[in-house]
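Source file: target-v6.cif. Holds: mmCIF, C-alpha atoms; chains and numbers go by the auth columns.
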```cif
data_model
loop_
_atom_site.group_PDB
_atom_site.id
_atom_site.type_symbol
_atom_site.label_atom_id
_atom_site.label_comp_id
_atom_site.label_asym_id
_atom_site.label_seq_id
_atom_site.Cartn_x
_atom_site.Cartn_y
_atom_site.Cartn_z
_atom_site.B_iso_or_equiv
_atom_site.auth_seq_id
_atom_site.auth_asym_id
ATOM 1 C CA MET A 1 -28.408 -36.040 37.229 0.00 1 E
ATOM 2 C CA THR A 2 -27.498 -32.506 36.228 0.00 2 E
ATOM 3 C CA TRP A 3 -29.501 -29.389 35.493 0.00 3 E
ATOM 4 C CA ARG A 4 -29.040 -30.031 31.765 0.00 4 E
ATOM 5 C CA ILE A 5 -31.177 -33.137 32.167 0.00 5 E
ATOM 6 C CA GLU A 6 -33.512 -31.900 34.888 0.00 6 E
ATOM 7 C CA ILE A 7 -34.583 -28.597 33.296 0.00 7 E
ATOM 8 C CA PRO A 8 -35.773 -30.144 29.974 0.00 8 E
ATOM 9 C CA ALA A 9 -37.550 -32.833 31.994 0.00 9 E
ATOM 10 C CA TYR A 10 -39.234 -30.147 34.094 0.00 10 E
ATOM 11 C CA LEU A 11 -40.439 -28.333 30.992 0.00 11 E
ATOM 12 C CA ARG A 12 -41.900 -31.581 29.667 0.00 12 E
ATOM 13 C CA PHE A 13 -43.847 -31.982 32.900 0.00 13 E
ATOM 14 C CA VAL A 14 -45.127 -28.412 32.496 0.00 14 E
ATOM 15 C CA LEU A 15 -46.240 -29.151 28.932 0.00 15 E
ATOM 16 C CA ALA A 16 -47.971 -32.327 30.096 0.00 16 E
ATOM 17 C CA VAL A 17 -50.374 -30.182 32.145 0.00 17 E
ATOM 18 C CA VAL A 18 -51.653 -28.307 29.092 0.00 18 E
ATOM 19 C CA SER A 19 -51.279 -31.289 26.740 0.00 19 E
ATOM 20 C CA PRO A 20 -52.917 -34.363 28.305 0.00 20 E
ATOM 21 C CA GLY A 21 -51.463 -37.675 27.250 0.00 21 E
ATOM 22 C CA ARG A 22 -47.994 -36.291 26.618 0.00 22 E
ATOM 23 C CA PRO A 23 -45.373 -38.750 27.949 0.00 23 E
ATOM 24 C CA VAL A 24 -43.144 -37.478 30.723 0.00 24 E
ATOM 25 C CA PRO A 25 -39.585 -38.616 31.429 0.00 25 E
ATOM 26 C CA GLN A 26 -38.523 -40.734 34.362 0.00 26 E
ATOM 27 C CA PHE A 27 -35.056 -40.389 35.839 0.00 27 E
ATOM 28 C CA ASP A 28 -33.111 -43.614 36.110 0.00 28 E
ATOM 29 C CA ALA A 29 -32.213 -43.017 39.731 0.00 29 E
ATOM 30 C CA HIS A 30 -31.983 -46.715 40.585 0.00 30 E
ATOM 31 C CA THR A 31 -29.539 -48.058 38.035 0.00 31 E
ATOM 32 C CA MET A 32 -28.604 -51.274 39.831 0.00 32 E
ATOM 33 C CA PRO A 33 -30.507 -54.234 38.338 0.00 33 E
ATOM 34 C CA PRO A 34 -31.789 -57.002 40.615 0.00 34 E
ATOM 35 C CA ALA A 35 -29.388 -59.898 41.035 0.00 35 E
ATOM 36 C CA PRO A 36 -30.353 -63.554 40.533 0.00 36 E
ATOM 37 C CA ILE A 37 -31.852 -65.166 43.624 0.00 37 E
ATOM 38 C CA ASP A 38 -31.852 -68.797 42.479 0.00 38 E
ATOM 39 C CA ALA A 39 -29.398 -69.800 45.187 0.00 39 E
ATOM 40 C CA TRP A 40 -31.432 -68.178 47.972 0.00 40 E
ATOM 41 C CA SER A 41 -33.336 -70.227 50.502 0.00 41 E
ATOM 42 C CA ASP A 42 -37.121 -69.960 50.835 0.00 42 E
ATOM 43 C CA ASP A 43 -36.793 -67.965 54.046 0.00 43 E
ATOM 44 C CA GLU A 44 -34.482 -65.495 52.340 0.00 44 E
ATOM 45 C CA LYS A 45 -36.907 -65.130 49.442 0.00 45 E
ATOM 46 C CA LYS A 46 -39.764 -64.489 51.867 0.00 46 E
ATOM 47 C CA LEU A 47 -37.624 -61.849 53.536 0.00 47 E
ATOM 48 C CA LEU A 48 -37.088 -60.202 50.142 0.00 48 E
ATOM 49 C CA ILE A 49 -40.835 -60.223 49.485 0.00 49 E
ATOM 50 C CA GLU A 50 -41.586 -58.582 52.832 0.00 50 E
ATOM 51 C CA GLU A 51 -38.962 -55.918 52.237 0.00 51 E
ATOM 52 C CA GLY A 52 -40.361 -55.286 48.758 0.00 52 E
ATOM 53 C CA ARG A 53 -43.838 -54.788 50.209 0.00 53 E
ATOM 54 C CA ARG A 54 -42.513 -52.317 52.751 0.00 54 E
ATOM 55 C CA GLN A 55 -40.724 -50.383 50.024 0.00 55 E
ATOM 56 C CA LEU A 56 -43.873 -50.188 47.897 0.00 56 E
ATOM 57 C CA ASP A 57 -45.864 -48.954 50.896 0.00 57 E
ATOM 58 C CA ARG A 58 -43.191 -46.357 51.642 0.00 58 E
ATOM 59 C CA GLN A 59 -43.214 -45.196 48.032 0.00 59 E
ATOM 60 C CA ALA A 60 -46.983 -44.715 48.172 0.00 60 E
ATOM 61 C CA THR A 61 -46.591 -42.679 51.367 0.00 61 E
ATOM 62 C CA ASP A 62 -43.791 -40.577 49.879 0.00 62 E
ATOM 63 C CA PHE A 63 -45.856 -39.881 46.788 0.00 63 E
ATOM 64 C CA GLY A 64 -48.798 -38.750 48.906 0.00 64 E
ATOM 65 C CA GLN A 65 -46.525 -36.368 50.795 0.00 65 E
ATOM 66 C CA LEU A 66 -45.174 -35.015 47.507 0.00 66 E
ATOM 67 C CA GLN A 67 -48.694 -34.281 46.313 0.00 67 E
ATOM 68 C CA THR A 68 -49.501 -32.505 49.580 0.00 68 E
ATOM 69 C CA ARG A 69 -46.414 -30.315 49.233 0.00 69 E
ATOM 70 C CA ALA A 70 -47.328 -29.590 45.626 0.00 70 E
ATOM 71 C CA GLN A 71 -50.805 -28.454 46.714 0.00 71 E
ATOM 72 C CA ILE A 72 -49.271 -26.092 49.283 0.00 72 E
ATOM 73 C CA LEU A 73 -46.887 -24.771 46.646 0.00 73 E
ATOM 74 C CA LEU A 74 -49.755 -24.240 44.212 0.00 74 E
ATOM 75 C CA THR A 75 -51.711 -22.276 46.822 0.00 75 E
ATOM 76 C CA THR A 76 -48.654 -20.142 47.570 0.00 76 E
ATOM 77 C CA GLY A 77 -48.185 -19.482 43.869 0.00 77 E
ATOM 78 C CA ILE A 78 -51.775 -18.263 43.583 0.00 78 E
ATOM 79 C CA ALA A 79 -51.210 -15.906 46.527 0.00 79 E
ATOM 80 C CA ILE A 80 -48.094 -14.477 44.876 0.00 80 E
ATOM 81 C CA ALA A 81 -50.072 -14.092 41.651 0.00 81 E
ATOM 82 C CA VAL A 82 -52.563 -11.918 43.554 0.00 82 E
ATOM 83 C CA GLY A 83 -49.688 -9.702 44.686 0.00 83 E
ATOM 84 C CA TRP A 84 -48.472 -9.607 41.102 0.00 84 E
ATOM 85 C CA LEU A 85 -51.884 -8.379 39.941 0.00 85 E
ATOM 86 C CA ALA A 86 -51.866 -5.658 42.593 0.00 86 E
ATOM 87 C CA THR A 87 -48.461 -4.496 41.384 0.00 87 E
ATOM 88 C CA LEU A 88 -49.686 -4.574 37.793 0.00 88 E
ATOM 89 C CA SER A 89 -52.625 -2.359 38.748 0.00 89 E
ATOM 90 C CA THR A 90 -50.212 0.174 40.226 0.00 90 E
ATOM 91 C CA VAL A 91 -48.068 0.164 37.092 0.00 91 E
ATOM 92 C CA LEU A 92 -51.100 0.683 34.863 0.00 92 E
ATOM 93 C CA ASN A 93 -51.983 3.859 36.771 0.00 93 E
ATOM 94 C CA GLY A 94 -49.062 5.532 35.023 0.00 94 E
ATOM 95 C CA THR A 95 -47.621 7.368 38.050 0.00 95 E
ATOM 96 C CA VAL A 96 -44.797 4.961 38.878 0.00 96 E
ATOM 97 C CA ARG A 97 -41.243 6.006 39.523 0.00 97 E
ATOM 98 C CA ALA A 98 -39.535 3.506 37.178 0.00 98 E
ATOM 99 C CA ALA A 99 -42.128 2.166 34.756 0.00 99 E
ATOM 100 C CA ALA A 100 -39.684 0.388 32.424 0.00 100 E
ATOM 101 C CA VAL A 101 -38.016 -1.494 35.271 0.00 101 E
ATOM 102 C CA ALA A 102 -41.384 -2.396 36.775 0.00 102 E
ATOM 103 C CA TRP A 103 -42.667 -3.792 33.479 0.00 103 E
ATOM 104 C CA LEU A 104 -39.499 -5.825 32.926 0.00 104 E
ATOM 105 C CA PHE A 105 -39.627 -7.490 36.337 0.00 105 E
ATOM 106 C CA LEU A 106 -43.376 -8.003 36.105 0.00 106 E
ATOM 107 C CA ILE A 107 -42.994 -9.929 32.860 0.00 107 E
ATOM 108 C CA LEU A 108 -40.183 -12.066 34.260 0.00 108 E
ATOM 109 C CA SER A 109 -42.059 -12.757 37.488 0.00 109 E
ATOM 110 C CA ALA A 110 -45.199 -13.715 35.550 0.00 110 E
ATOM 111 C CA LEU A 111 -43.167 -16.291 33.630 0.00 111 E
ATOM 112 C CA MET A 112 -41.718 -17.723 36.847 0.00 112 E
ATOM 113 C CA ILE A 113 -45.141 -17.874 38.520 0.00 113 E
ATOM 114 C CA LEU A 114 -46.545 -19.703 35.508 0.00 114 E
ATOM 115 C CA LEU A 115 -43.697 -22.226 35.448 0.00 115 E
ATOM 116 C CA SER A 116 -43.939 -22.810 39.186 0.00 116 E
ATOM 117 C CA THR A 117 -47.696 -23.319 39.327 0.00 117 E
ATOM 118 C CA LEU A 118 -47.745 -25.572 36.276 0.00 118 E
ATOM 119 C CA GLY A 119 -44.883 -27.621 37.704 0.00 119 E
ATOM 120 C CA ALA A 120 -46.728 -28.055 41.000 0.00 120 E
ATOM 121 C CA THR A 121 -49.901 -28.950 39.130 0.00 121 E
ATOM 122 C CA SER A 122 -48.069 -31.609 37.124 0.00 122 E
ATOM 123 C CA ILE A 123 -47.097 -33.415 40.330 0.00 123 E
ATOM 124 C CA ILE A 124 -50.783 -33.624 41.229 0.00 124 E
ATOM 125 C CA ILE A 125 -52.428 -34.536 37.932 0.00 125 E
ATOM 126 C CA VAL A 126 -49.815 -36.101 35.628 0.00 126 E
ATOM 127 C CA ARG A 127 -49.888 -39.883 35.657 0.00 127 E
ATOM 128 C CA ALA A 128 -47.293 -41.466 37.934 0.00 128 E
ATOM 129 C CA GLU A 129 -45.776 -44.878 37.252 0.00 129 E
ATOM 130 C CA PHE A 130 -45.468 -47.411 40.051 0.00 130 E
ATOM 131 C CA GLY A 131 -44.641 -51.081 39.856 0.00 131 E
ATOM 132 C CA ILE A 132 -47.143 -53.648 41.080 0.00 132 E
ATOM 133 C CA VAL A 133 -47.237 -57.395 41.412 0.00 133 E
ATOM 134 C CA HIS A 134 -50.105 -58.511 39.186 0.00 134 E
ATOM 135 C CA ALA A 135 -51.855 -61.443 40.831 0.00 135 E
ATOM 136 C CA THR A 136 -53.414 -62.655 37.575 0.00 136 E
ATOM 137 C CA LEU A 137 -50.077 -62.784 35.799 0.00 137 E
ATOM 138 C CA LEU A 138 -48.499 -64.402 38.832 0.00 138 E
ATOM 139 C CA SER A 139 -51.101 -67.169 38.710 0.00 139 E
ATOM 140 C CA GLN A 140 -49.898 -68.072 35.221 0.00 140 E
ATOM 141 C CA SER A 141 -46.309 -68.571 36.365 0.00 141 E
ATOM 142 C CA GLN A 142 -44.755 -71.995 36.646 0.00 142 E
ATOM 143 C CA PRO A 143 -43.683 -73.342 40.046 0.00 143 E
ATOM 144 C CA PRO A 144 -41.851 -72.517 42.176 0.00 144 E
ATOM 145 C CA ILE A 145 -44.079 -69.449 42.594 0.00 145 E
ATOM 146 C CA LEU A 146 -42.002 -68.081 45.447 0.00 146 E
ATOM 147 C CA ASP A 147 -39.090 -67.505 43.073 0.00 147 E
ATOM 148 C CA HIS A 148 -41.237 -65.548 40.613 0.00 148 E
ATOM 149 C CA LEU A 149 -42.846 -63.484 43.364 0.00 149 E
ATOM 150 C CA ALA A 150 -39.538 -62.530 44.963 0.00 150 E
ATOM 151 C CA ALA A 151 -38.054 -61.588 41.586 0.00 151 E
ATOM 152 C CA ALA A 152 -41.157 -59.522 40.758 0.00 152 E
ATOM 153 C CA TYR A 153 -40.829 -57.469 43.941 0.00 153 E
ATOM 154 C CA ALA A 154 -37.145 -56.890 43.240 0.00 154 E
ATOM 155 C CA ARG A 155 -38.080 -55.440 39.831 0.00 155 E
ATOM 156 C CA THR A 156 -41.144 -53.391 40.746 0.00 156 E
ATOM 157 C CA VAL A 157 -39.556 -51.312 43.500 0.00 157 E
ATOM 158 C CA ARG A 158 -37.233 -49.740 40.932 0.00 158 E
ATOM 159 C CA VAL A 159 -40.140 -48.243 38.968 0.00 159 E
ATOM 160 C CA GLY A 160 -41.617 -46.450 41.961 0.00 160 E
ATOM 161 C CA GLY A 161 -38.198 -45.313 43.136 0.00 161 E
ATOM 162 C CA ASN A 162 -37.527 -43.639 39.792 0.00 162 E
ATOM 163 C CA THR A 163 -40.954 -41.975 39.889 0.00 163 E
ATOM 164 C CA ILE A 164 -40.371 -40.542 43.363 0.00 164 E
ATOM 165 C CA ALA A 165 -36.923 -39.251 42.374 0.00 165 E
ATOM 166 C CA THR A 166 -38.357 -37.564 39.277 0.00 166 E
ATOM 167 C CA ARG A 167 -41.235 -35.904 41.135 0.00 167 E
ATOM 168 C CA LEU A 168 -38.837 -34.655 43.823 0.00 168 E
ATOM 169 C CA SER A 169 -36.802 -32.939 41.124 0.00 169 E
ATOM 170 C CA VAL A 170 -39.953 -31.351 39.682 0.00 170 E
ATOM 171 C CA LEU A 171 -40.973 -30.114 43.132 0.00 171 E
ATOM 172 C CA ARG A 172 -37.515 -28.658 43.734 0.00 172 E
ATOM 173 C CA TYR A 173 -37.575 -26.664 40.507 0.00 173 E
ATOM 174 C CA SER A 174 -41.136 -25.507 41.210 0.00 174 E
ATOM 175 C CA VAL A 175 -40.020 -24.115 44.564 0.00 175 E
ATOM 176 C CA LEU A 176 -37.013 -22.460 42.928 0.00 176 E
ATOM 177 C CA CYS A 177 -39.198 -20.794 40.283 0.00 177 E
ATOM 178 C CA LEU A 178 -41.581 -19.554 42.963 0.00 178 E
ATOM 179 C CA LEU A 179 -38.756 -18.058 45.025 0.00 179 E
ATOM 180 C CA ILE A 180 -37.430 -16.262 41.952 0.00 180 E
ATOM 181 C CA ALA A 181 -40.954 -15.055 41.149 0.00 181 E
ATOM 182 C CA SER A 182 -41.340 -13.678 44.675 0.00 182 E
ATOM 183 C CA ALA A 183 -38.072 -11.758 44.411 0.00 183 E
ATOM 184 C CA LEU A 184 -38.931 -10.372 40.968 0.00 184 E
ATOM 185 C CA THR A 185 -42.399 -9.334 42.109 0.00 185 E
ATOM 186 C CA GLY A 186 -40.868 -7.551 45.092 0.00 186 E
ATOM 187 C CA VAL A 187 -38.486 -5.619 42.848 0.00 187 E
ATOM 188 C CA ALA A 188 -41.362 -4.736 40.517 0.00 188 E
ATOM 189 C CA TRP A 189 -43.420 -3.524 43.477 0.00 189 E
ATOM 190 C CA ALA A 190 -40.543 -1.333 44.662 0.00 190 E
ATOM 191 C CA ALA A 191 -40.130 0.106 41.165 0.00 191 E
ATOM 192 C CA ALA A 192 -43.886 0.702 40.896 0.00 192 E
ATOM 193 C CA ARG A 193 -44.064 3.086 43.841 0.00 193 E
ATOM 194 C CA PRO A 194 -45.728 6.389 42.940 0.00 194 E
ATOM 195 C CA ALA A 195 -43.409 9.158 41.845 0.00 195 E
ATOM 196 C CA PRO A 196 -42.918 11.903 44.448 0.00 196 E
ATOM 197 C CA VAL A 197 -45.194 14.918 44.068 0.00 197 E
ATOM 198 C CA GLY A 198 -43.654 18.330 44.672 0.00 198 E
ATOM 199 C CA ILE A 199 -45.139 20.409 47.511 0.00 199 E
ATOM 200 C CA PRO A 200 -45.949 23.993 46.418 0.00 200 E
ATOM 201 C CA THR A 201 -44.128 26.779 48.247 0.00 201 E
ATOM 202 C CA PRO A 202 -46.517 28.806 50.428 0.00 202 E
ATOM 203 C CA CYS A 203 -46.776 32.494 49.589 0.00 203 E
ATOM 204 C CA SER A 204 -47.602 35.409 51.871 0.00 204 E
ATOM 205 C CA THR A 205 -49.707 38.392 51.020 0.00 205 E
ATOM 206 C CA ALA A 206 -49.248 41.401 53.262 0.00 206 E
ATOM 207 C CA THR A 207 -52.215 43.534 54.321 0.00 207 E
ATOM 208 C CA PRO A 208 -52.245 46.577 56.586 0.00 208 E
ATOM 209 C CA ALA A 209 -53.687 44.571 59.465 0.00 209 E
ATOM 210 C CA THR A 210 -51.957 41.192 59.196 0.00 210 E
ATOM 211 C CA ALA A 211 -50.116 38.850 56.885 0.00 211 E
ATOM 212 C CA ILE A 212 -52.322 36.124 55.376 0.00 212 E
ATOM 213 C CA LYS A 213 -50.602 32.854 54.459 0.00 213 E
ATOM 214 C CA SER A 214 -51.597 31.041 51.266 0.00 214 E
ATOM 215 C CA ILE A 215 -50.496 27.535 50.278 0.00 215 E
ATOM 216 C CA SER A 216 -51.400 28.029 46.637 0.00 216 E
ATOM 217 C CA PRO A 217 -48.633 28.370 44.056 0.00 217 E
ATOM 218 C CA CYS A 218 -47.054 31.810 44.010 0.00 218 E
ATOM 219 C CA PRO A 219 -48.668 34.145 41.480 0.00 219 E
ATOM 220 C CA SER A 220 -46.551 36.086 39.086 0.00 220 E
ATOM 221 C CA GLY A 221 -44.548 38.726 40.888 0.00 221 E
ATOM 222 C CA SER A 222 -44.955 37.164 44.363 0.00 222 E
ATOM 223 C CA THR A 223 -42.221 35.632 46.443 0.00 223 E
ATOM 224 C CA GLY A 224 -42.173 32.920 49.027 0.00 224 E
ATOM 225 C CA PRO A 225 -41.551 33.552 52.695 0.00 225 E
#
```
Conversion result in C-alpha cells:
Amino acid sequence: MTWRIEIPAYLRFVLAVVSPGRPVPQFDAHTMPPAPIDAWSDDEKKLLIEEGRRQLDRQATDFGQLQTRAQILLTTGIAIAVGWLATLSTVLNGTVRAAAVAWLFLILSALMILLSTLGATSIIIVRAEFGIVHATLLSQSQPPILDHLAAAYARTVRVGGNTIATRLSVLRYSVLCLLIASALTGVAWAAARPAPVGIPTPCSTATPATAIKSISPCPSGSTGP
C-alpha cells in the first residue's frame, strides 16, 4: 500500500463521520486465499479451527486497543484546539508582530486539527467489518461439518485482518495530521506575539534647586539626558 491509496481512503473515513452510512474502503492486506483442506486429517482440521479462534480473539483485542488509542488521540486533538483558540484570540487583538504569517499558519493548523480529530473519531464510530462463523448457517451445511467449520475459520480471519490493517493506517495518518497541526500552531503562536512597544526617552527639567526627572515624552524644545 502506498500513500496514493492510503490518503484517499483516509479522506473517505473522515467523510464517513459526517455522512453516516457512507461505505469505507478496506485494504486487501491479506491477499493469500485459503488453500483446500480436503486432504487434512480431522486432528489437523481441529488444529486449524483452534488457531482461527485465537486469531479472531486477537483481532478483537487489537481493535479494542486501536479504539483506545483513537480516544487518546481525540482528547489530545481537543487540547491542541484549545491552544489554537488562544492563539486566535491573540491574533484578533490586532497587536501581533506578523499578522499575515499568523493567519496563514492558523488556517493550516485548523485544517490539520479537523482532519486528525475526524480521523480518530472514524476509528471509534465507523462500522468495522469482522468475519464470524454463523452457527445457524453452519447447521444447514452437509456433513462432514468439521470440513465446513475449518474452511469457514480460514476465510473469516482474512476479513478482520484487513479491517485491522485499514484502521491502523487511519490511526497513523491521524497522528501525522495532529503532529503537523501542533507544529503549525506553534509557529502561529510565535508569529502572534505582541509587537514591541517603544519606551519613551526620559527628559530632565532643570530648576534652581534640583533637576527633576520626567519619564513623559520630551516636549517641543526639550532634550533627553
Quiz item: Which residues, protein or nucleic acid, reach to within 12 Å of (-49.6, -45.7, 38.3) in the file's coordinates when using all atoms listed in the file, and can you give that as a list in words?
Solution: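 Output: Gln59, Ala60, Phe63, Ile125, Val126, Arg127, Ala128, Glu129, Phe130, Gly131, Ile132, Thr156, Val159, Gly160, Thr163 and Ile164 of chain E.
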Self-check item: Separation of atom CA of Ala183 of chain E from atom CA of Ala165 of chain E, in Å and rounded to one decimal
Solution: 27.6 Å
Apply the PyMOL selection byres ((chain E and resi 38) around 12) to the file shown and report the selected residues as a PDB file with C-alpha atoms, in the coordinates of the input.
```pdb
ATOM      1  CA  PRO E  34     -31.789 -57.002  40.615  1.00  0.00           C
ATOM      2  CA  ALA E  35     -29.388 -59.898  41.035  1.00  0.00           C
ATOM      3  CA  PRO E  36     -30.353 -63.554  40.533  1.00  0.00           C
ATOM      4  CA  ILE E  37     -31.852 -65.166  43.624  1.00  0.00           C
ATOM      5  CA  ALA E  39     -29.398 -69.800  45.187  1.00  0.00           C
ATOM      6  CA  TRP E  40     -31.432 -68.178  47.972  1.00  0.00           C
ATOM      7  CA  SER E  41     -33.336 -70.227  50.502  1.00  0.00           C
ATOM      8  CA  ASP E  42     -37.121 -69.960  50.835  1.00  0.00           C
ATOM      9  CA  GLU E  44     -34.482 -65.495  52.340  1.00  0.00           C
ATOM     10  CA  LYS E  45     -36.907 -65.130  49.442  1.00  0.00           C
ATOM     11  CA  PRO E 144     -41.851 -72.517  42.176  1.00  0.00           C
ATOM     12  CA  LEU E 146     -42.002 -68.081  45.447  1.00  0.00           C
ATOM     13  CA  ASP E 147     -39.090 -67.505  43.073  1.00  0.00           C
ATOM     14  CA  HIS E 148     -41.237 -65.548  40.613  1.00  0.00           C
ATOM     15  CA  ALA E 150     -39.538 -62.530  44.963  1.00  0.00           C
ATOM     16  CA  ALA E 151     -38.054 -61.588  41.586  1.00  0.00           C
TER      17      ALA E 151
END
```
Self-check item: Expected selection from the PyMOL selection byres ((chain E and resi 16-24) around 7), given as JSON, numbers by chain
Solution: {"E": [12, 13, 14, 15, 25, 26, 118, 122, 126]}
With the file shown as input, list the residues that the PyMOL selection byres ((chain E and resi 77) around 8) selects, as a JSON list (two decimals) with C-alpha atoms, in the coordinates of the input.
```
[["chain", "number", "residue", "atom", "x", "y", "z"],
["E", 73, "LEU", "CA", -46.89, -24.77, 46.65],
["E", 74, "LEU", "CA", -49.76, -24.24, 44.21],
["E", 75, "THR", "CA", -51.71, -22.28, 46.82],
["E", 76, "THR", "CA", -48.65, -20.14, 47.57],
["E", 78, "ILE", "CA", -51.78, -18.26, 43.58],
["E", 79, "ALA", "CA", -51.21, -15.91, 46.53],
["E", 80, "ILE", "CA", -48.09, -14.48, 44.88],
["E", 81, "ALA", "CA", -50.07, -14.09, 41.65],
["E", 113, "ILE", "CA", -45.14, -17.87, 38.52],
["E", 116, "SER", "CA", -43.94, -22.81, 39.19],
["E", 117, "THR", "CA", -47.70, -23.32, 39.33],
["E", 178, "LEU", "CA", -41.58, -19.55, 42.96]]
```
Quiz item: Of the candidates E:Thr166, E:Thr185, E:Thr2, E:Gln71, which one gets nearest to Phe27 of chain E if we count all atoms listed in the file?
Solution: E:Thr166
Quiz item: Quick one, how far is atom CA of Pro33 of chain E from atom CA of Leu11 of chain E?
Solution: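 These atoms are spaced 28.7 Å apart.
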Exercise. Between E:Asp28, E:Gly64, E:Trp84, E:Leu48, single out the one closest to Ile5 of chain E, counting all atoms listed in the file.
Key: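 Answer, going by the shortest atom-to-atom distance: E:Asp28.
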Quiz item: Closest to Met112 of chain E among E:Ala181, E:Arg193, E:His134, E:Asp43, using all atoms listed in the file?
Solution: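 Looking only at the distances to Met112 of chain E, the closest residue turns out to be E:Ala181.
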